[in-house]
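Student: One structure is given below, represented as structure tokens, and several questions about it will come after.
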Amino acid sequence: MSADLSGQVAVVTGGNGGIGLGFAEGVAAAGADVAIWARNASKSADAVERLSGLGVRAEAIACDVADESSVAAAVADTVERLGRIDICVANAGTSGLGQLQDLTLDEWRRVMAVNVDGAFLTLRDCARQMIAQGDGGAMVAISSTSAVHGAPANPHYATSKTALLGLVRSSAVGLARHGIRVNAVLPGWTRTEMAEGGYQNEQFREVTTKRTPVRRWATGDDYRSLSAYLCDRSIDFHTGDTVTFDGGYTVF
């Protein structure tokens with residue numbers, strides 16, 4: 001059975017590229033209107049054009065997820081333009097490099113501000129809107145396989161993505177009585193703007209590809225069907241879960 005998200009409105013943070021755009025296209029293909037929350041206006045405009053081609057309404061809304069007032073304004077803007085919020089995909093994130101002993105507190109906080117605070121603010125404010133509407137919803141937080149295996153070169157990133165799993169599980173329990181499902185996704189190696197440096201490193205790409213049983217990196221398009229499934233209201237018994245989507249990387 002194909003997901004039918006007609007009449008629903010989805011928020012996708014960082015939805016103008018990579019995994020976020022894949023999620024946005026997935027819900028749009030299933031009939032949902034989409035609000036792209038991001039900072040790069042040019043990329044957002046391109047994403048809106050692509051999404052509109054799927055026959056839905058799409059809006060680009062400027063938002064810095066690490067800023068509380070910006071998130072609040074983005075919720076209000078989304079509701080004003082599209083009428084409601086039924087789906088929230090907290091995808092926006094940032095990365096960094098550095099061994100633990102070399103990290104400064106400022107660098108640690110920079111990553112946490114986007115990956116943890118930003119996801120918290122996004123999920124919290126969208127949950128408030130869904131609760132006010134009174135008819136449930138679906139929320140997804142994009143974590144990383146770095147949450148479950150050692151990532152010595154970016155411990156702040158790995159820690160932030162691990163924290164999301166606690167946020168998702170707690171939120172799933174707390175929001176269940178409102179009919180709001182909350183799940184997490186652990187993407188494996190995916191060709192995105194943030195990961196492009198690794199992909200272009202021939203040795204690194206070869207090692208990670210050989211470690212992945214399906215023998216390739218993912219692209220944003222791979223997330224479209226997963227997106228539609230996770231946001232489908234008929235799957236109302238699936239909440240508090242962590243979906244590993246990595247081509248078998250973590251079990252090989």
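Labels for the structure tokens follow display order: chains A, B, ..., residues from 1 in each chain, ligands from 1.
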Among region 15-112 of chain A, which ones does DSSP assign to helix (DSSP H, G or I) (computed from the backbone)? Answer as a ChimeraX atom specification.
Tutor: /A:18-29,41-52,68-82,100-102,105-112
Student: Keeping C-alpha atoms for every residue in the selection just given, could you write it to a file as a PDB file, in the first residue's frame?
Tutor:
ATOM      1  CA  GLY A  18      21.005  15.850   0.306  1.00  0.00           C
ATOM      2  CA  ILE A  19      19.049  13.686   2.736  1.00  0.00           C
ATOM      3  CA  GLY A  20      16.679  16.524   3.582  1.00  0.00           C
ATOM      4  CA  LEU A  21      15.702  17.040  -0.040  1.00  0.00           C
ATOM      5  CA  GLY A  22      15.202  13.291  -0.404  1.00  0.00           C
ATOM      6  CA  PHE A  23      12.796  13.364   2.547  1.00  0.00           C
ATOM      7  CA  ALA A  24      11.037  16.427   1.147  1.00  0.00           C
ATOM      8  CA  GLU A  25      10.590  14.770  -2.240  1.00  0.00           C
ATOM      9  CA  GLY A  26       9.320  11.608  -0.574  1.00  0.00           C
ATOM     10  CA  VAL A  27       6.504  13.321   1.282  1.00  0.00           C
ATOM     11  CA  ALA A  28       5.722  15.561  -1.694  1.00  0.00           C
ATOM     12  CA  ALA A  29       5.439  12.564  -4.021  1.00  0.00           C
ATOM     13  CA  ALA A  41      17.935  31.048  -0.161  1.00  0.00           C
ATOM     14  CA  SER A  42      19.264  30.055  -3.575  1.00  0.00           C
ATOM     15  CA  LYS A  43      19.324  26.340  -2.778  1.00  0.00           C
ATOM     16  CA  SER A  44      15.876  26.587  -1.205  1.00  0.00           C
ATOM     17  CA  ALA A  45      14.474  28.235  -4.319  1.00  0.00           C
ATOM     18  CA  ASP A  46      15.811  25.372  -6.450  1.00  0.00           C
ATOM     19  CA  ALA A  47      14.317  22.829  -4.051  1.00  0.00           C
ATOM     20  CA  VAL A  48      10.926  24.539  -4.129  1.00  0.00           C
ATOM     21  CA  GLU A  49      10.954  24.421  -7.917  1.00  0.00           C
ATOM     22  CA  ARG A  50      11.657  20.671  -7.854  1.00  0.00           C
ATOM     23  CA  LEU A  51       8.967  20.006  -5.262  1.00  0.00           C
ATOM     24  CA  SER A  52       6.388  22.116  -7.063  1.00  0.00           C
ATOM     25  CA  GLU A  68      14.788  30.044  19.167  1.00  0.00           C
ATOM     26  CA  SER A  69      13.099  33.127  17.761  1.00  0.00           C
ATOM     27  CA  SER A  70      13.891  32.049  14.194  1.00  0.00           C
ATOM     28  CA  VAL A  71      12.247  28.656  14.746  1.00  0.00           C
ATOM     29  CA  ALA A  72       9.173  30.255  16.308  1.00  0.00           C
ATOM     30  CA  ALA A  73       8.886  32.625  13.356  1.00  0.00           C
ATOM     31  CA  ALA A  74       9.279  29.738  10.903  1.00  0.00           C
ATOM     32  CA  VAL A  75       6.388  27.854  12.532  1.00  0.00           C
ATOM     33  CA  ALA A  76       4.168  30.935  12.324  1.00  0.00           C
ATOM     34  CA  ASP A  77       5.202  31.565   8.712  1.00  0.00           C
ATOM     35  CA  THR A  78       4.539  27.950   7.732  1.00  0.00           C
ATOM     36  CA  VAL A  79       1.067  27.990   9.258  1.00  0.00           C
ATOM     37  CA  GLU A  80       0.280  31.325   7.640  1.00  0.00           C
ATOM     38  CA  ARG A  81       1.347  30.124   4.181  1.00  0.00           C
ATOM     39  CA  LEU A  82       0.288  26.471   4.242  1.00  0.00           C
ATOM     40  CA  LEU A 100      38.723  15.073  21.699  1.00  0.00           C
ATOM     41  CA  GLN A 101      41.955  16.459  23.147  1.00  0.00           C
ATOM     42  CA  ASP A 102      42.098  19.141  20.444  1.00  0.00           C
ATOM     43  CA  LEU A 105      34.566  24.464  23.989  1.00  0.00           C
ATOM     44  CA  ASP A 106      33.438  26.911  21.302  1.00  0.00           C
ATOM     45  CA  GLU A 107      33.747  24.240  18.607  1.00  0.00           C
ATOM     46  CA  TRP A 108      31.890  21.726  20.787  1.00  0.00           C
ATOM     47  CA  ARG A 109      29.064  24.189  21.378  1.00  0.00           C
ATOM     48  CA  ARG A 110      28.884  25.180  17.710  1.00  0.00           C
ATOM     49  CA  VAL A 111      28.007  21.627  16.703  1.00  0.00           C
ATOM     50  CA  MET A 112      25.676  21.074  19.653  1.00  0.00           C
TER      51      MET A 112
END
Student: Please tabulate, as JSON lines, the residues of region 44-160 of chain A that come within 10 Å of region 225-247 of chain A, each with its closest pair of atoms and the distance in Å to one decimal, counting only C-alpha atoms and ordering rows by chain, then residue number upward.
Tutor:
{"residue": "A:Asp86", "atom": "CA", "partner": "A:Cys231", "partner_atom": "CA", "distance": 8.9}
{"residue": "A:Ile87", "atom": "CA", "partner": "A:Cys231", "partner_atom": "CA", "distance": 6.6}
{"residue": "A:Cys88", "atom": "CA", "partner": "A:Cys231", "partner_atom": "CA", "distance": 8.7}
{"residue": "A:Val89", "atom": "CA", "partner": "A:Ser227", "partner_atom": "CA", "distance": 9.0}
{"residue": "A:Gly136", "atom": "CA", "partner": "A:Arg233", "partner_atom": "CA", "distance": 8.6}
{"residue": "A:Gly137", "atom": "CA", "partner": "A:Arg233", "partner_atom": "CA", "distance": 7.2}
{"residue": "A:Ala138", "atom": "CA", "partner": "A:Cys231", "partner_atom": "CA", "distance": 5.3}
{"residue": "A:Met139", "atom": "CA", "partner": "A:Cys231", "partner_atom": "CA", "distance": 7.3}
{"residue": "A:Val140", "atom": "CA", "partner": "A:Leu230", "partner_atom": "CA", "distance": 7.5}
{"residue": "A:Ala141", "atom": "CA", "partner": "A:Thr242", "partner_atom": "CA", "distance": 9.4}
{"residue": "A:Ile142", "atom": "CA", "partner": "A:Thr242", "partner_atom": "CA", "distance": 9.7}
{"residue": "A:Ser143", "atom": "CA", "partner": "A:Thr242", "partner_atom": "CA", "distance": 8.9}
{"residue": "A:Ser144", "atom": "CA", "partner": "A:Thr244", "partner_atom": "CA", "distance": 8.5}
{"residue": "A:Thr145", "atom": "CA", "partner": "A:Thr244", "partner_atom": "CA", "distance": 7.5}
Student: Those same residues, written as a PDB file, in the first residue's frame with N, CA and C atoms?
Tutor:
ATOM      1  N   ASP A  86       1.711  18.958   9.888  1.00  0.00           N
ATOM      2  CA  ASP A  86       1.372  17.582  10.226  1.00  0.00           C
ATOM      3  C   ASP A  86       2.597  16.681  10.327  1.00  0.00           C
ATOM      4  N   ILE A  87       3.675  17.095   9.684  1.00  0.00           N
ATOM      5  CA  ILE A  87       4.893  16.290   9.589  1.00  0.00           C
ATOM      6  C   ILE A  87       6.074  17.197   9.882  1.00  0.00           C
ATOM      7  N   CYS A  88       7.016  16.696  10.651  1.00  0.00           N
ATOM      8  CA  CYS A  88       8.242  17.461  10.935  1.00  0.00           C
ATOM      9  C   CYS A  88       9.440  16.542  10.781  1.00  0.00           C
ATOM     10  N   VAL A  89      10.349  16.919   9.898  1.00  0.00           N
ATOM     11  CA  VAL A  89      11.596  16.182   9.716  1.00  0.00           C
ATOM     12  C   VAL A  89      12.735  17.089  10.150  1.00  0.00           C
ATOM     13  N   GLY A 136      -2.989  14.780  15.714  1.00  0.00           N
ATOM     14  CA  GLY A 136      -1.793  13.964  15.593  1.00  0.00           C
ATOM     15  C   GLY A 136      -0.795  14.444  14.562  1.00  0.00           C
ATOM     16  N   GLY A 137       0.181  13.573  14.279  1.00  0.00           N
ATOM     17  CA  GLY A 137       1.214  13.925  13.319  1.00  0.00           C
ATOM     18  C   GLY A 137       2.366  12.939  13.369  1.00  0.00           C
ATOM     19  N   ALA A 138       3.392  13.230  12.600  1.00  0.00           N
ATOM     20  CA  ALA A 138       4.584  12.372  12.532  1.00  0.00           C
ATOM     21  C   ALA A 138       5.826  13.237  12.577  1.00  0.00           C
ATOM     22  N   MET A 139       6.811  12.787  13.352  1.00  0.00           N
ATOM     23  CA  MET A 139       8.059  13.523  13.476  1.00  0.00           C
ATOM     24  C   MET A 139       9.216  12.550  13.262  1.00  0.00           C
ATOM     25  N   VAL A 140      10.253  13.040  12.592  1.00  0.00           N
ATOM     26  CA  VAL A 140      11.440  12.233  12.307  1.00  0.00           C
ATOM     27  C   VAL A 140      12.669  13.084  12.589  1.00  0.00           C
ATOM     28  N   ALA A 141      13.620  12.518  13.309  1.00  0.00           N
ATOM     29  CA  ALA A 141      14.900  13.189  13.546  1.00  0.00           C
ATOM     30  C   ALA A 141      15.991  12.413  12.824  1.00  0.00           C
ATOM     31  N   ILE A 142      16.811  13.121  12.062  1.00  0.00           N
ATOM     32  CA  ILE A 142      17.890  12.479  11.312  1.00  0.00           C
ATOM     33  C   ILE A 142      19.143  12.449  12.179  1.00  0.00           C
ATOM     34  N   SER A 143      19.503  11.258  12.617  1.00  0.00           N
ATOM     35  CA  SER A 143      20.703  11.053  13.421  1.00  0.00           C
ATOM     36  C   SER A 143      21.832  10.611  12.496  1.00  0.00           C
ATOM     37  N   SER A 144      22.603   9.623  12.880  1.00  0.00           N
ATOM     38  CA  SER A 144      23.743   9.166  12.082  1.00  0.00           C
ATOM     39  C   SER A 144      24.234   7.835  12.640  1.00  0.00           C
ATOM     40  N   THR A 145      24.865   7.033  11.797  1.00  0.00           N
ATOM     41  CA  THR A 145      25.495   5.824  12.307  1.00  0.00           C
ATOM     42  C   THR A 145      26.645   6.159  13.261  1.00  0.00           C
TER      43      THR A 145
END
Student: Give one line per residue of region 78-191 of chain A that approaches region 220-223 of chain A to at most 12 Å, naming the two atoms of the closest pair and their distance in Å to one decimal, counting only C-alpha atoms; sort by chain then ascending residue number and deliver it as JSON lines.
Tutor:
{"residue": "A:Ile142", "atom": "CA", "partner": "A:Tyr223", "partner_atom": "CA", "distance": 11.2}
{"residue": "A:Val185", "atom": "CA", "partner": "A:Tyr223", "partner_atom": "CA", "distance": 10.1}
{"residue": "A:Leu186", "atom": "CA", "partner": "A:Tyr223", "partner_atom": "CA", "distance": 11.3}
{"residue": "A:Pro187", "atom": "CA", "partner": "A:Tyr223", "partner_atom": "CA", "distance": 9.2}
{"residue": "A:Gly188", "atom": "CA", "partner": "A:Asp222", "partner_atom": "CA", "distance": 11.2}
{"residue": "A:Trp189", "atom": "CA", "partner": "A:Gly220", "partner_atom": "CA", "distance": 10.9}
{"residue": "A:Thr190", "atom": "CA", "partner": "A:Gly220", "partner_atom": "CA", "distance": 7.3}
{"residue": "A:Arg191", "atom": "CA", "partner": "A:Gly220", "partner_atom": "CA", "distance": 7.4}
Student: Could you tell me, as a ChimeraX atom specification, which residues of region 90-159 of chain A DSSP assigns to strand (DSSP E or B) when given the backbone?
Tutor: /A:90,137-142
Student: With only C-alpha atoms as the atoms that count, which of A:Val114, A:Leu54, A:Leu103, A:Ala132 lies nearest to Ala38 (chain A)?
Tutor: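 Between A:Val114, A:Leu54, A:Leu103, A:Ala132, the residue approaching Ala38 (chain A) most closely is A:Val114.
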Student: Taking into account only C-alpha atoms, which residue in the set A:Arg84, A:Ala184, A:Arg124, A:Met194 is nearest to Leu97 (chain A)?
Tutor: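 Closest to Leu97 (chain A), using only C-alpha atoms: A:Met194.
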Student: Figure out the distance between CA of Tyr157 (chain A) and CA of Thr94 (chain A), please, to one decimal in Å.
Tutor: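 We find that CA of Thr94 (chain A) and CA of Tyr157 (chain A) lie 7.8 Å from each other.
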Student: To one decimal place, how far is CA of Asn115 (chain A) from CA of Leu5 (chain A) in Å?
Tutor: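 Those two atoms sit 27.2 Å apart.
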